[in-house]
Amino acid sequence: MTRKKINVALQGGGAHGAFTWGALDVLLADDRVEIAGVSGTSAGALNGAALKAGLAMSGEDAARENLDWLWAQVAGVQDMRISTWLAPFGPAQISQALEYSLPYAVGDAVGRMTSPYAFGPFYRNPLTDIVSKFNMEKVCCDDGPQLFINATRVRNGKLRVFQQAEVTPEAIMASACLPTLFQAVMVYDSETGQNEEFWDGGYTGNPALFPLFDASLPDDIVVININPLERVDLPRTPQQIQNRINEISFNSSLLREMRAISFVKRLIDQGTMERGQMRRINMHMIADDALMNDLSVATKVVPNGFVMGKLRDAGARAAEQFLDAHFDQIGQGDSVNMQELFS
């Protein structure tokens with residue numbers, strides 16, 4: 001049986017990226033599909049690098065093992081300002097209890113008043129220990145899927161897409177660099193010919209879709225979305241308001257690109273643009289907005305084993321539901337109602 005080739009676009013969202021872990025595990029276990037291209041931002045960059053290294057190494061089983069290893073590592077990462085206040089809390093605490101706890105509130109307040117540069121020579125990016133263990137030779141090699149890592153250049157606010165040999169440990173950490181928590185990451189930028197400082201790619205591409213338009217890649221993009229597109233309840237607390245601001249801004253670049261894809265397809269279908277002049281991309285999405293609405297910002301920044309396990313299971317279920325309902329649409333057309341997303 002010929003496997004259907006897809007690209008995956010992996011959003012950032014802190015520890016909620018465990019949802020993507022579960023979704024990728026199901027996609028990798030299904031011998032009907034093959035991942036040909038990966039665009040990842042922030043947590044999506046970590047997932048993408050682990051996925052690429054495993055696939056380049058020895059295939060799907062190795063990629064699944066890599067993702068398991070990655071999230072076992074993430075479960076042990078603690079932000080140096082916030083999570084130290086949360087040491088007395090066990091992994092079984094649910095997200096809302098964490099958000100409304102006094103230690104989290106105090107830690108969050110201290111975090112908002114303290115710059116990551118205040119640590120001086122004592123500062124160390126907490127992702128260093130994880131990223132340094134990646135098999136970078138496999139992450140950057142030509143085997144396996146094409147990998148694109150997205151970051152935001154601080155100097156001019158432009159999106160920078162790193163690919164193949166450009167994907168260094170620093171580029172991956174730059175993609176996941178929230179400026180309120182981490183110091184900007186310095187990376188040599190071949191586009192500008194100088195060292196540049198980078199922040200999280202979510203501000204400019206969460207994730208960027210256009211690298212996946214390359215003619216060598218398939219027409220189908222599966223977005224694994226971990227930032228809810230809609231919240232029914234009005235955010236009221238400072239944390240909820242800031243979280244919703246981040247969700248809206250982190251989704252805006254994705255929606256802009258999806259709107260452009262929809263526009264091009266309408267031009268092609270109407271005959272205004274000749275077929276073959278531009279790619280006709282098929283859009284798909286794996287998401288669980290209901291679950292993400294129930295979670296708070298606390299579990300994005302404070303890894304919690306219990307919540308991450310629930311997210312992984314939810315991602316796996318969502319991917320299974322996607323394949324059950326929409327596998328036949330891969331290679332044929334959208335399984336996402338594009339107009340509904342924009343209305």
# chains A, B, ... in the order shown; residues from 1 in each chain; ligands from 1
$ residues_around --residues "range 194-210 of chain A" --least-positions-apart "4" --cutoff "8 Å" --atoms "only C-alpha atoms" --output "PyMOL selection string"
chain A and resi 9-12+39-42+44+150-155+157-160+174-179+184-190+214+249-251+253-254+257
$ residues_around --residues "Lys265 in chain A" --least-positions-apart "3" --cutoff "8 Å" --atoms "only C-alpha atoms" --output "list in words"
Ile261, Ser262, Ile268, Asp269, Arg280 and Ile281 of chain A
$ closest_atom_pairs --of "range 9-47 of chain A" --to "range 118-137 of chain A" --cutoff "12 Å" --atoms "only C-alpha atoms" --output "tab-separated table"
residue	atom	partner	partner_atom	distance
A:Gly14	CA	A:Leu127	CA	11.6
A:Ser42	CA	A:Leu127	CA	11.1
A:Ala43	CA	A:Leu127	CA	10.8
A:Ala45	CA	A:Val131	CA	10.5
A:Leu46	CA	A:Val131	CA	7.9
A:Asn47	CA	A:Val131	CA	11.0
$ write_last_selection --atoms "C-alpha atoms" --output "PDB file, in the first residue's frame"
ATOM      1  CA  GLY A  14       4.901  25.448  26.673  1.00  0.00           C
ATOM      2  CA  SER A  42       8.716  26.694  20.596  1.00  0.00           C
ATOM      3  CA  ALA A  43       7.465  23.398  22.080  1.00  0.00           C
ATOM      4  CA  ALA A  45      10.432  23.001  17.684  1.00  0.00           C
ATOM      5  CA  LEU A  46      11.415  20.577  20.444  1.00  0.00           C
ATOM      6  CA  ASN A  47       8.874  18.042  19.214  1.00  0.00           C
TER       7      ASN A  47
END
$ closest_residue --among "A:Ala290, A:Val8, A:Leu255, A:Met283" --to "Asp233 in chain A" --atoms "only C-alpha atoms"
A:Ala290
$ atom_distance --atom1 "CA of Asn304 in chain A" --atom2 "CA of Trp21 in chain A"
14.8 Å
$ closest_residue --among "A:Lys310, A:Leu67, A:Leu295, A:Met273" --to "Asn243 in chain A" --atoms "only C-alpha atoms"
A:Leu295
$ closest_residue --among "A:Met292, A:Val297, A:Met258, A:Val222" --to "Asn246 in chain A" --atoms "only C-alpha atoms"
A:Val297
$ residues_around --residues "Phe213 in chain A" --least-positions-apart "3" --cutoff "10 Å" --atoms "only C-alpha atoms" --output "compact mmCIF listing (two decimals) with N, CA, C and O atoms, in the first residue's frame"
# COMPACT_ATOMS: atom_id res chain seq x y z
N ASN A 7 2.66 16.87 5.62
CA ASN A 7 3.51 17.77 6.41
C ASN A 7 2.80 18.01 7.74
O ASN A 7 1.57 18.02 7.79
N GLY A 37 7.47 16.64 5.90
CA GLY A 37 7.96 17.96 6.26
C GLY A 37 7.44 18.35 7.63
O GLY A 37 6.33 17.98 8.01
N LEU A 209 3.78 28.30 7.97
CA LEU A 209 3.33 27.29 7.01
C LEU A 209 4.06 27.40 5.68
O LEU A 209 4.25 26.39 4.99
N PHE A 210 4.49 28.60 5.30
CA PHE A 210 5.01 28.80 3.95
C PHE A 210 6.24 27.95 3.63
O PHE A 210 6.44 27.59 2.46
N SER A 216 8.94 20.16 -3.40
CA SER A 216 9.36 18.79 -3.10
C SER A 216 8.52 18.15 -2.01
O SER A 216 8.65 16.95 -1.75
N LEU A 217 7.65 18.94 -1.36
CA LEU A 217 6.85 18.45 -0.26
C LEU A 217 5.41 18.19 -0.70
O LEU A 217 4.94 18.77 -1.69
N PRO A 218 4.68 17.35 0.04
CA PRO A 218 3.29 17.05 -0.35
C PRO A 218 2.37 18.25 -0.16
O PRO A 218 2.74 19.26 0.46
N ASP A 219 1.15 18.13 -0.69
CA ASP A 219 0.19 19.24 -0.68
C ASP A 219 -0.58 19.36 0.64
O ASP A 219 -1.30 20.34 0.83
N ASP A 220 -0.46 18.37 1.53
CA ASP A 220 -1.28 18.33 2.73
C ASP A 220 -0.49 18.77 3.96
O ASP A 220 0.60 18.24 4.23
N ILE A 221 -1.08 19.72 4.71
CA ILE A 221 -0.49 20.20 5.96
C ILE A 221 -1.45 19.88 7.09
O ILE A 221 -2.63 20.27 7.06
N MET A 278 0.45 28.39 -8.58
CA MET A 278 0.75 28.35 -7.15
C MET A 278 0.25 27.02 -6.59
O MET A 278 -0.64 26.37 -7.17
N ARG A 279 0.82 26.61 -5.45
CA ARG A 279 0.43 25.34 -4.86
C ARG A 279 -1.01 25.40 -4.34
O ARG A 279 -1.45 26.40 -3.80
N ARG A 280 -1.72 24.30 -4.51
CA ARG A 280 -3.07 24.17 -3.97
C ARG A 280 -2.96 23.30 -2.71
O ARG A 280 -2.92 22.07 -2.78
N ILE A 281 -2.88 23.94 -1.56
CA ILE A 281 -2.60 23.26 -0.30
C ILE A 281 -3.89 22.75 0.34
O ILE A 281 -4.90 23.46 0.38
$ select_by_dssp --residues "range 146-252 of chain A" --states "helix (DSSP H, G or I)" --output "PyMOL selection string"
chain A and resi 164-166+169-175+201-203+210-213+238-252
$ residues_around --residues "Asn293 in chain A" --least-positions-apart "4" --cutoff "10 Å" --atoms "only C-alpha atoms" --output "NGL selection string"
:A and (227-233 or 288-289)
$ closest_residue --among "A:Ala23, A:Ala15, A:Val264, A:Ala63" --to "Ala298 in chain A" --atoms "only C-alpha atoms"
A:Ala15
$ residues_around --residues "Asp142 in chain A" --least-positions-apart "2" --cutoff "9 Å" --atoms "only C-alpha atoms" --output "list in words"
Ala56, Lys138, Val139, Cys140, Gly144, Pro145, Gln146, Gln164 and Ala165 of chain A
$ write_last_selection --atoms "N, CA and C atoms" --output "PDB file, in the first residue's frame"
ATOM      1  N   ALA A  56      15.226  10.083  11.066  1.00  0.00           N
ATOM      2  CA  ALA A  56      16.480  10.013  10.317  1.00  0.00           C
ATOM      3  C   ALA A  56      17.358   8.876  10.818  1.00  0.00           C
ATOM      4  N   LYS A 138      21.684  14.022  13.384  1.00  0.00           N
ATOM      5  CA  LYS A 138      20.472  13.507  12.766  1.00  0.00           C
ATOM      6  C   LYS A 138      19.414  14.595  12.597  1.00  0.00           C
ATOM      7  N   VAL A 139      19.369  15.545  13.536  1.00  0.00           N
ATOM      8  CA  VAL A 139      18.413  16.653  13.423  1.00  0.00           C
ATOM      9  C   VAL A 139      18.676  17.462  12.158  1.00  0.00           C
ATOM     10  N   CYS A 140      19.944  17.604  11.789  1.00  0.00           N
ATOM     11  CA  CYS A 140      20.323  18.474  10.672  1.00  0.00           C
ATOM     12  C   CYS A 140      20.551  17.733   9.357  1.00  0.00           C
ATOM     13  N   GLY A 144      15.261  11.625   6.278  1.00  0.00           N
ATOM     14  CA  GLY A 144      14.036  11.915   7.021  1.00  0.00           C
ATOM     15  C   GLY A 144      13.334  13.154   6.503  1.00  0.00           C
ATOM     16  N   PRO A 145      12.366  13.647   7.253  1.00  0.00           N
ATOM     17  CA  PRO A 145      11.590  14.808   6.792  1.00  0.00           C
ATOM     18  C   PRO A 145      12.406  16.091   6.800  1.00  0.00           C
ATOM     19  N   GLN A 146      11.990  17.048   5.966  1.00  0.00           N
ATOM     20  CA  GLN A 146      12.581  18.383   6.041  1.00  0.00           C
ATOM     21  C   GLN A 146      12.088  19.052   7.325  1.00  0.00           C
ATOM     22  N   GLN A 164      17.599  22.596   8.084  1.00  0.00           N
ATOM     23  CA  GLN A 164      18.701  21.683   7.848  1.00  0.00           C
ATOM     24  C   GLN A 164      19.917  22.057   8.713  1.00  0.00           C
ATOM     25  N   ALA A 165      21.072  22.341   8.114  1.00  0.00           N
ATOM     26  CA  ALA A 165      22.298  22.574   8.876  1.00  0.00           C
ATOM     27  C   ALA A 165      22.212  23.802   9.784  1.00  0.00           C
TER      28      ALA A 165
END
$ closest_residue --among "A:Val38, A:Ile6, A:Leu323, A:Ala29" --to "Gly59 in chain A" --atoms "only C-alpha atoms"
A:Ala29
$ atom_distance --atom1 "CA of Asp328 in chain A" --atom2 "CA of Val33 in chain A"
11.2 Å
